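Just below is one structure, and these are the notes that go with it.
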Amino acid sequence: MLWGMKMTRRNTEDDDALEQIFANARATPPAVGSGFHARIVALGLATQPPQAMAGGRVAPPLSFWREAAIAIGGWWGAGGLTSAMALGVAIGLTGTVELPIVAPNDGFLDLMPAVDGLFADSAEEK
Amino acid sequence: MAFDAEKIGADVRLLAGYAAGAPEAARQLTNRFLPLAYRLAARILADRAEAEDVAQEAMLRLFRAAPGWQPGQAQVSTWLYRVTANLCTDRLRKRRVLPLDDVPEMADGQRSVAEVLMAADRQAALERALGHLPERQRLAVVLRHLEGLANPEIARIMEIGTEAVESLVARGKRNLKEALIGQRDALGYEDD
């Protein structure tokens with residue numbers, strides 16, 4: 001009986017002692033360092049979605065076509081690309097048989113006709 | 001209870017503000033929740049650098065979760081405790097398991113509980129003693145007695161029943177006492 005009472009008293013004292021240790025630990029919690037805190041704030045800012053517009057609305061995401069136009073240089077770029085595409089389609093449809101029209105004489109395209117004449121004239125003068 | 005509801009509502013509004021890109025929201029979220037994540041990680045891992053890594057990862061997950069946060073889901077603090085606890089568990093499992101002989105003594109066997117309490121390094125002794133506990137017991141004891149949470153919240157964090165929490169805490173405390181105090185005969189109690 002006495003042994004049982006002593007054991008109970010020991011348990012109580014142990015519990016009290018442990019509770020004091022816990023209380024001490026609660027009173028001195030591990031503190032966040034200022035540098036670490038600043039890093040997490042920076043991380044939060046880097047992760048944060050774009051700022052809301054006036055009225056609390058968030059800017060709507062760009063449409064696919066708008067993003068595509070920006071990617072190729074804006075609407076001017078898109079216009080130029082469309083013209084080039086249209087020309088390519090036109091050439092494809094008419095075919096290459098029409099190309100000799102560009103060089104109607106003997107089928108060869110004379111890229112520098114004035115120069116040929118210039119040399120010929122110089123030789124005759126000598 | 002009203003205060004809790006107000007606090008929970010404030011936390012959710014804070015997340016919503018962050019998701020809407022409100023200035024200062026990142027700082028306010030950090031002020032409010034980083035200490036929680038870091039404190040738990042430091043107490044579980046007993047390693048400052050590892051605790052910072054875990055707290056940073058937990059906060060990053062919170063930032064990313066903010067835009068999709070539903071007001072009806074778990075409390076923000078409960079959610080963050082759970083994420084942090086899981087990250088800590090992962091860390092603990094990756095650590096090398098020390099043979100028991102290599103683990104330093106938790107307390108001088110010749111000292112009484114009162115003397116242990118008077119020792120300047122009792123905080124460190126507690127950390128070492130916590131390190132002896134199995135992961136789940138350690139987490140339950142830290143959440144209950146150091147973070148001061150109620151058993152139902154611990155149950156939600158650990159995703160177990162309240163009775164299981166009670167059991168873990170009781171076993172954890174028992175093991176902790178053994179680890180802190182050493183042999184019962186060396187406590188300094190006199191057998192009268």
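Residue numbers start at 1 in each chain; chains themselves are named A, B, ... in the order of the structure tokens; ligands are numbered from 1 in the order shown.
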Which residues of chain B sit at most 8 Å from chain A, using only C-alpha atoms? Give each one's shortest atom pair and distance in Å (one decimal place), in chain and ascending residue order, as a Markdown table.
| residue | atom | partner | partner_atom | distance |
| --- | --- | --- | --- | --- |
| B:Tyr18 | CA | A:Gln48 | CA | 6.7 |
| B:Ala19 | CA | A:Pro49 | CA | 5.9 |
| B:Ala20 | CA | A:Ala52 | CA | 5.4 |
| B:Gly21 | CA | A:Gln51 | CA | 3.8 |
| B:Ala22 | CA | A:Gln51 | CA | 6.0 |
| B:Pro23 | CA | A:Gln51 | CA | 7.6 |
| B:Ala26 | CA | A:Gly44 | CA | 5.1 |
| B:Arg27 | CA | A:Val41 | CA | 5.3 |
| B:Thr30 | CA | A:Val41 | CA | 6.1 |
| B:Leu34 | CA | A:His37 | CA | 7.6 |
| B:Pro35 | CA | A:Val32 | CA | 6.2 |
| B:Tyr38 | CA | A:Val32 | CA | 6.9 |
| B:Arg39 | CA | A:Pro30 | CA | 5.5 |
| B:Ala42 | CA | A:Pro30 | CA | 6.6 |
| B:Arg43 | CA | A:Pro30 | CA | 7.7 |
| B:Glu52 | CA | A:Phe36 | CA | 7.6 |
| B:Gln56 | CA | A:Ile40 | CA | 6.6 |
| B:Met59 | CA | A:Ile40 | CA | 7.5 |
| B:Leu60 | CA | A:Gly44 | CA | 7.2 |
| B:Phe63 | CA | A:Gly44 | CA | 6.3 |
| B:Arg64 | CA | A:Thr47 | CA | 7.0 |
| B:Val113 | CA | A:Ala17 | CA | 6.3 |
| B:Ala114 | CA | A:Ala17 | CA | 7.1 |
| B:Leu117 | CA | A:Ile21 | CA | 6.7 |
| B:Arg122 | CA | A:Ile21 | CA | 7.3 |
| B:Gln123 | CA | A:Ala25 | CA | 6.3 |
| B:Leu126 | CA | A:Ile21 | CA | 7.5 |
| B:His145 | CA | A:Phe22 | CA | 6.3 |
| B:Leu146 | CA | A:Arg26 | CA | 5.4 |
| B:Glu147 | CA | A:Arg26 | CA | 7.2 |
| B:Lys177 | CA | A:Leu18 | CA | 6.9 |
| B:Tyr189 | CA | A:Arg10 | CA | 7.6 |
| B:Asp191 | CA | A:Lys6 | CA | 7.7 |
Would you mind exporting the chosen residues as an mmCIF file, in the first residue's frame, restricted to N, CA and C atoms?
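To be explicit, this is the file written out as again_39.cif:
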data_model
loop_
_atom_site.group_PDB
_atom_site.id
_atom_site.type_symbol
_atom_site.label_atom_id
_atom_site.label_comp_id
_atom_site.auth_asym_id
_atom_site.auth_seq_id
_atom_site.Cartn_x
_atom_site.Cartn_y
_atom_site.Cartn_z
ATOM 1 N N TYR B 18 -4.151 37.469 -51.050
ATOM 2 C CA TYR B 18 -2.895 37.085 -51.692
ATOM 3 C C TYR B 18 -3.153 36.617 -53.127
ATOM 4 N N ALA B 19 -4.194 35.794 -53.272
ATOM 5 C CA ALA B 19 -4.516 35.254 -54.601
ATOM 6 C C ALA B 19 -4.919 36.370 -55.568
ATOM 7 N N ALA B 20 -5.504 37.444 -55.026
ATOM 8 C CA ALA B 20 -5.920 38.567 -55.879
ATOM 9 C C ALA B 20 -4.770 39.530 -56.146
ATOM 10 N N GLY B 21 -3.606 39.209 -55.604
ATOM 11 C CA GLY B 21 -2.438 40.043 -55.858
ATOM 12 C C GLY B 21 -2.346 41.264 -54.967
ATOM 13 N N ALA B 22 -3.054 41.234 -53.848
ATOM 14 C CA ALA B 22 -3.044 42.407 -52.970
ATOM 15 C C ALA B 22 -1.646 42.679 -52.430
ATOM 16 N N PRO B 23 -1.245 43.946 -52.465
ATOM 17 C CA PRO B 23 0.065 44.284 -51.907
ATOM 18 C C PRO B 23 0.091 43.949 -50.415
ATOM 19 N N ALA B 26 1.640 38.964 -49.197
ATOM 20 C CA ALA B 26 2.715 37.975 -49.056
ATOM 21 C C ALA B 26 3.402 38.132 -47.703
ATOM 22 N N ARG B 27 3.624 39.388 -47.322
ATOM 23 C CA ARG B 27 4.275 39.639 -46.028
ATOM 24 C C ARG B 27 3.370 39.230 -44.873
ATOM 25 N N THR B 30 3.245 35.525 -44.543
ATOM 26 C CA THR B 30 4.508 35.044 -43.966
ATOM 27 C C THR B 30 4.544 35.315 -42.469
ATOM 28 N N LEU B 34 4.544 31.572 -41.211
ATOM 29 C CA LEU B 34 5.913 31.037 -41.192
ATOM 30 C C LEU B 34 6.340 30.587 -39.788
ATOM 31 N N PRO B 35 6.054 31.381 -38.740
ATOM 32 C CA PRO B 35 6.454 30.916 -37.409
ATOM 33 C C PRO B 35 5.855 29.555 -37.057
ATOM 34 N N TYR B 38 7.773 26.860 -39.105
ATOM 35 C CA TYR B 38 9.161 26.741 -38.665
ATOM 36 C C TYR B 38 9.251 26.145 -37.262
ATOM 37 N N ARG B 39 8.368 26.600 -36.386
ATOM 38 C CA ARG B 39 8.359 26.110 -35.001
ATOM 39 C C ARG B 39 8.159 24.604 -34.953
ATOM 40 N N ALA B 42 11.212 22.818 -36.470
ATOM 41 C CA ALA B 42 12.386 22.875 -35.588
ATOM 42 C C ALA B 42 12.220 21.930 -34.400
ATOM 43 N N ARG B 43 11.011 21.841 -33.894
ATOM 44 C CA ARG B 43 10.789 20.972 -32.732
ATOM 45 C C ARG B 43 10.819 19.497 -33.106
ATOM 46 N N GLU B 52 14.375 25.087 -41.603
ATOM 47 C CA GLU B 52 14.151 26.172 -42.567
ATOM 48 C C GLU B 52 13.765 25.614 -43.935
ATOM 49 N N GLN B 56 10.192 26.433 -45.544
ATOM 50 C CA GLN B 56 10.147 27.109 -46.847
ATOM 51 C C GLN B 56 9.277 26.320 -47.826
ATOM 52 N N MET B 59 5.630 26.723 -46.869
ATOM 53 C CA MET B 59 5.102 28.041 -47.239
ATOM 54 C C MET B 59 4.897 28.156 -48.745
ATOM 55 N N LEU B 60 5.821 27.581 -49.489
ATOM 56 C CA LEU B 60 5.673 27.610 -50.953
ATOM 57 C C LEU B 60 4.379 26.901 -51.357
ATOM 58 N N PHE B 63 1.492 29.215 -50.585
ATOM 59 C CA PHE B 63 1.356 30.276 -51.596
ATOM 60 C C PHE B 63 0.691 29.729 -52.856
ATOM 61 N N ARG B 64 1.107 28.543 -53.253
ATOM 62 C CA ARG B 64 0.564 27.973 -54.485
ATOM 63 C C ARG B 64 -0.885 27.508 -54.311
ATOM 64 N N VAL B 113 14.739 15.070 -11.002
ATOM 65 C CA VAL B 113 13.913 15.821 -11.944
ATOM 66 C C VAL B 113 14.062 17.315 -11.693
ATOM 67 N N ALA B 114 14.079 17.680 -10.414
ATOM 68 C CA ALA B 114 14.206 19.105 -10.075
ATOM 69 C C ALA B 114 15.515 19.657 -10.609
ATOM 70 N N LEU B 117 15.327 20.148 -14.236
ATOM 71 C CA LEU B 117 14.580 21.369 -14.556
ATOM 72 C C LEU B 117 15.439 22.604 -14.360
ATOM 73 N N ARG B 122 18.064 22.477 -20.463
ATOM 74 C CA ARG B 122 16.886 21.597 -20.439
ATOM 75 C C ARG B 122 16.137 21.622 -21.766
ATOM 76 N N GLN B 123 16.237 22.724 -22.447
ATOM 77 C CA GLN B 123 15.598 22.789 -23.765
ATOM 78 C C GLN B 123 16.253 21.795 -24.720
ATOM 79 N N LEU B 126 15.289 18.345 -23.814
ATOM 80 C CA LEU B 126 13.958 17.994 -24.308
ATOM 81 C C LEU B 126 14.024 17.619 -25.790
ATOM 82 N N HIS B 145 1.586 19.273 -26.532
ATOM 83 C CA HIS B 145 2.181 19.933 -25.366
ATOM 84 C C HIS B 145 3.075 21.118 -25.692
ATOM 85 N N LEU B 146 3.564 21.212 -26.904
ATOM 86 C CA LEU B 146 4.396 22.380 -27.241
ATOM 87 C C LEU B 146 3.633 23.373 -28.109
ATOM 88 N N GLU B 147 2.842 22.857 -29.039
ATOM 89 C CA GLU B 147 2.019 23.762 -29.849
ATOM 90 C C GLU B 147 0.702 24.082 -29.150
ATOM 91 N N LYS B 177 9.328 10.805 -20.487
ATOM 92 C CA LYS B 177 9.751 10.842 -19.081
ATOM 93 C C LYS B 177 10.919 9.894 -18.851
ATOM 94 N N TYR B 189 14.195 10.576 -5.535
ATOM 95 C CA TYR B 189 13.125 10.351 -4.561
ATOM 96 C C TYR B 189 13.628 9.389 -3.500
ATOM 97 N N ASP B 191 13.022 6.573 -0.777
ATOM 98 C CA ASP B 191 12.054 5.531 -0.437
ATOM 99 C C ASP B 191 11.797 5.551 1.048
#
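Relative to atom CA of Thr89 of chain B, atom CA of Pro71 of chain B is found at 27.6 Å.
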**Report entry** Contact residues around Gln137 of chain B with only C-alpha atoms at 8 Å, ignoring same-chain residues under 2 positions, as a PyMOL selection string
**Finding:** chain B and resi 133-135+139-141+168-169+171-172
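Our summary of the geometry notes that atom CA of Gly148 of chain B is positioned 25.3 Å from atom CA of Arg93 of chain B.
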Query - Within 12 Å of Glu159 of chain B using only C-alpha atoms, minus same-chain residues under 2 positions, as a list in words - result: Ala74, Thr78, Trp79, Tyr81, Arg82, Val83, Ala85, Asn86, Arg136, Ala140, Asn151, Pro152, Glu153, Ile154, Ala155, Arg156, Ile157, Gly161, Thr162, Glu163, Ala164 and Val165 of chain B
Requested in this report: Point out the residue among B:Ala124, B:Val76, B:Leu143, B:Leu92 with the least atom-to-atom distance to Arg32 of chain B, counting only C-alpha atoms.
Outcome: B:Val76
